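Written below as C-alpha cells is the structure these notes are about.
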Amino acid sequence: MKWLEYIRLAIYEIWHNKIRTFLTLIGIIIGIASVILIIYIIQGAEVFLLQELEKIAPTDVLIAYTRWDPDTRRSMAEISPSDIKQIKNVTGENISAISPRYSDSESVRKGVREEDATIIAGNENIDLLYDLDLARGRFLTNFDILENNKVAVLSQEIAGKLFPTEDPLGKNIRMFGTNFRIIGILLPKEESIIANNINENNIYMPVTTYQRLRGRGSNFSMIMIKVSDKKLTSGVIRQINNIFNSRYGLDKFGRSKFFVREWVSGLDQVQVVKTVLLILLSSVASVTLLVAGIGLMNIMLVIVTERTREIGLRKALGAKRRDILFQFMIEAIVLCISGGTAGVLLGIFSTEIAENIATQFIDFSYQVPEWAIITSLVFTTSIGLFFGIYPAVKAARLNPIEALRHE
C-alpha cells in the first residue's frame, strides 16, 4: 500500500505544478521524440532500400561460380549436375529453388525486325529465382529441359518490339541460328527508383538447349540458389562451400575453387551504415536527454528544499529514512515516465507527418517498431532513477529537528 501512496503523492505534485513539470520535462519529451523519429527514419530507409533492391534482383538468392586460374587461364573447376543434386540433398528445406545459369547477348529476329536481347538459360526453377510473373502462357518445365526443347519466355518489352501488332504467344523467333517457339510472356517488372527498365529485354530458355546450341558440355560455370529464409543465408553458404571443397579440394593457396555469395552484394554494408547512423544520431539526441536529466535533478533538489518541513514532520511521526528515499525516488521516476510517455506520443505523431511527406514522393509505409517505444520508456525510467538518487538521498538524510525548524 505504501507504493500506491507514493505514486499518488507523485501524481499530486505533478498535477498541482503543471507549468514547472512541463518546463522540467520538455527536454525529455523532445529527446525521446527525436530518438523515435530517428529510429523510424533510419529503419524505414533500410526497409525501403531493401524493397527497391528486390525489384532489381531478389535479395534471398545466392550465386555459386568457379574461380578463374590466372596460371592456366581457365576455370579451376566446373559445377556438375551431381553437385546440384548433392546441394539439394544436404541443404534440404533450407533452399526453395536451384538452377544452373547462363547469360548471353544475342540478336533476336522476327521477320525483318531484329532486336538485341539478354538471353538467360536455366531450368524449370528460373522463374522462382528471378521472381518472374506471367502475363500469359507458361514457364519452362522439366520436360523442356529434358527434351532440349527450343522454347522461350519473353519479357513484355522485347515481345512488344518484335510483335507490335500481333499476339506473340505460339509464334516463332529466330536466335542462335534456329527457330524458338514463344511459350510465355512476362508481366513488366515493377519500376525502381534505383534503376529503370529492369530485365525488360530478357529472354528465358532451357539450359540444355543453350548448352547444345553453344557447344557447351554438361557442366556449368554458375548456379543460382534461392534460400527459403534470408536468416539461413550464411548457413547455406557454408554448406555449399563444404560440398565443393570436399569434392574438388582447395587451390595451392588453400582457398576454395568456387565463390559462393549473395547475388545482391553489399547488404552487410547497408546494415553497418544503418547501425552507425543509429548510434551517431541517437547519441546526439541523448545529449538532450542528459541535459534534461540534469534539469530533473535540479528541480528535485528544489522540491526537497520546498518540502523540508514536510519531511521533518513525517520523520517525527515515525517515517523511516527509506520511506523518504522511496517517496522522492518514485516522484522522479513518475516525472520521467510522464515525460517519456508524452515524448513517445510526440514521436509517433512526428513519424506520421514524416510518412505523409515521404509518400508524396515514394511508395513508402512503415510503422514505429515496438522495441523503440519500449526502449524509450525504459530509458526515461532509468533517467529518473539515476538523476533522482541524489535528491532522494539528501531528503532521506535530513535531520527531523532541523527540518521542522526550517523556514
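Labels for the C-alpha cells follow display order: chains A, B, ..., residues from 1 in each chain, ligands from 1.
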
- Query: So which bits of stretch 205-356 of chain A end up strand (DSSP E or B) when you DSSP the backbone, as a ChimeraX atom specification?
  - Reply: /A:205-206,220,222-227,250,256,258-262

- Would you list the contacts of A:Gly347 as an MDAnalysis selection string, taking every protein, DNA or RNA residue within 8 Å and counting only C-alpha atoms, but skipping same-chain residues closer than 3 positions in sequence? chainID A and resid 32:37 343:344 350:351

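Separating atom CA of A:Ala97 from atom CA of A:Lys226 is a distance of 5.1 Å.
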
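Distances here use only C-alpha atoms; by that measure, the residue among A:Pro168, A:Gly92, A:Gly177, A:Gly340 closest to A:Leu213 is A:Gly177.
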
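Reported to one decimal place, the separation of atom CA of A:Ala354 from atom CA of A:Thr341 is 19.8 Å.
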
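With atom CA of A:Asn149 on one side and atom CA of A:Ser103 on the other, the separation reads 18.0 Å.
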
- Neighbour list for A:Ala292 as a list in words, cut-off 10 Å, only C-alpha atoms, skip fewer than 4 positions in-chain: Leu23, Thr24, Leu25, Ile26, Gly27, Ile28, Ile29, Ile30, Gly31, Ser286, Val287, Thr288, Leu296, Met297, Asn298, Cys336, Ile383 and Phe387 of chain A

Please produce a file of the residues just selected, as an mmCIF file, in the first residue's frame, where the atoms kept are C-alpha atoms.
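Output contents, as saved in selection18.cif:
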data_model
loop_
_atom_site.group_PDB
_atom_site.id
_atom_site.type_symbol
_atom_site.label_atom_id
_atom_site.label_comp_id
_atom_site.auth_asym_id
_atom_site.auth_seq_id
_atom_site.Cartn_x
_atom_site.Cartn_y
_atom_site.Cartn_z
ATOM 1 C CA LEU A 23 9.298 23.017 -18.245
ATOM 2 C CA THR A 24 11.267 20.347 -16.387
ATOM 3 C CA LEU A 25 10.255 17.565 -18.759
ATOM 4 C CA ILE A 26 10.359 19.412 -22.077
ATOM 5 C CA GLY A 27 13.930 18.230 -22.671
ATOM 6 C CA ILE A 28 12.961 14.602 -22.040
ATOM 7 C CA ILE A 29 9.886 14.947 -24.282
ATOM 8 C CA ILE A 30 11.905 16.391 -27.167
ATOM 9 C CA GLY A 31 14.773 13.924 -26.651
ATOM 10 C CA SER A 286 20.852 11.547 -25.956
ATOM 11 C CA VAL A 287 22.693 14.795 -25.178
ATOM 12 C CA THR A 288 19.265 16.416 -24.918
ATOM 13 C CA LEU A 296 15.343 16.974 -13.383
ATOM 14 C CA MET A 297 17.943 16.647 -10.631
ATOM 15 C CA ASN A 298 17.901 20.408 -10.149
ATOM 16 C CA CYS A 336 10.276 10.868 -16.216
ATOM 17 C CA ILE A 383 16.966 8.679 -16.171
ATOM 18 C CA PHE A 387 19.143 11.602 -11.537
#

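By chain and then residue number, the residues within 10 Å of A:Val227 are Thr59, Asp60, Val61, Leu62, Thr91, Glu93, Asn94, Ile95, Ser96, Ala97, Ile98, Leu129, Thr233, Gly235, Val236 and Ile237 of chain A, counting only C-alpha atoms and disregarding those fewer than 6 positions away in sequence.
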
Deliver the residues from the most recent selection as a file, using C-alpha atoms, as a CSV table (one decimal), in the first residue's frame.
chain,number,residue,atom,x,y,z
A,59,THR,CA,17.9,-10.5,-52.1
A,60,ASP,CA,17.3,-14.1,-51.0
A,61,VAL,CA,19.2,-15.6,-53.9
A,62,LEU,CA,22.8,-16.9,-53.8
A,91,THR,CA,20.5,-28.2,-47.7
A,93,GLU,CA,14.3,-27.4,-46.9
A,94,ASN,CA,16.8,-24.6,-46.4
A,95,ILE,CA,16.6,-23.8,-50.1
A,96,SER,CA,13.5,-23.5,-52.2
A,97,ALA,CA,14.9,-23.4,-55.8
A,98,ILE,CA,18.2,-24.1,-57.6
A,129,LEU,CA,15.0,-17.4,-58.8
A,233,THR,CA,21.8,-17.5,-45.9
A,235,GLY,CA,24.4,-21.4,-43.1
A,236,VAL,CA,23.5,-22.4,-46.7
A,237,ILE,CA,26.7,-20.6,-48.0

- Task: List every residue of stretch 120-368 of chain A that DSSP, applied to the backbone, labels as helix (DSSP H, G or I), and write the result as number ranges by chain.
- Result: A: 126-129, 142-146, 156-162, 207-214, 230-248, 267-306, 308-316, 321-358

- So which residues touch stretch 76-89 of chain A within 7 Å, counting only C-alpha atoms, skipping near sequence neighbours fewer than 2 positions away, as a ChimeraX atom specification? /A:66-69,74,91-92,219-221,240,257
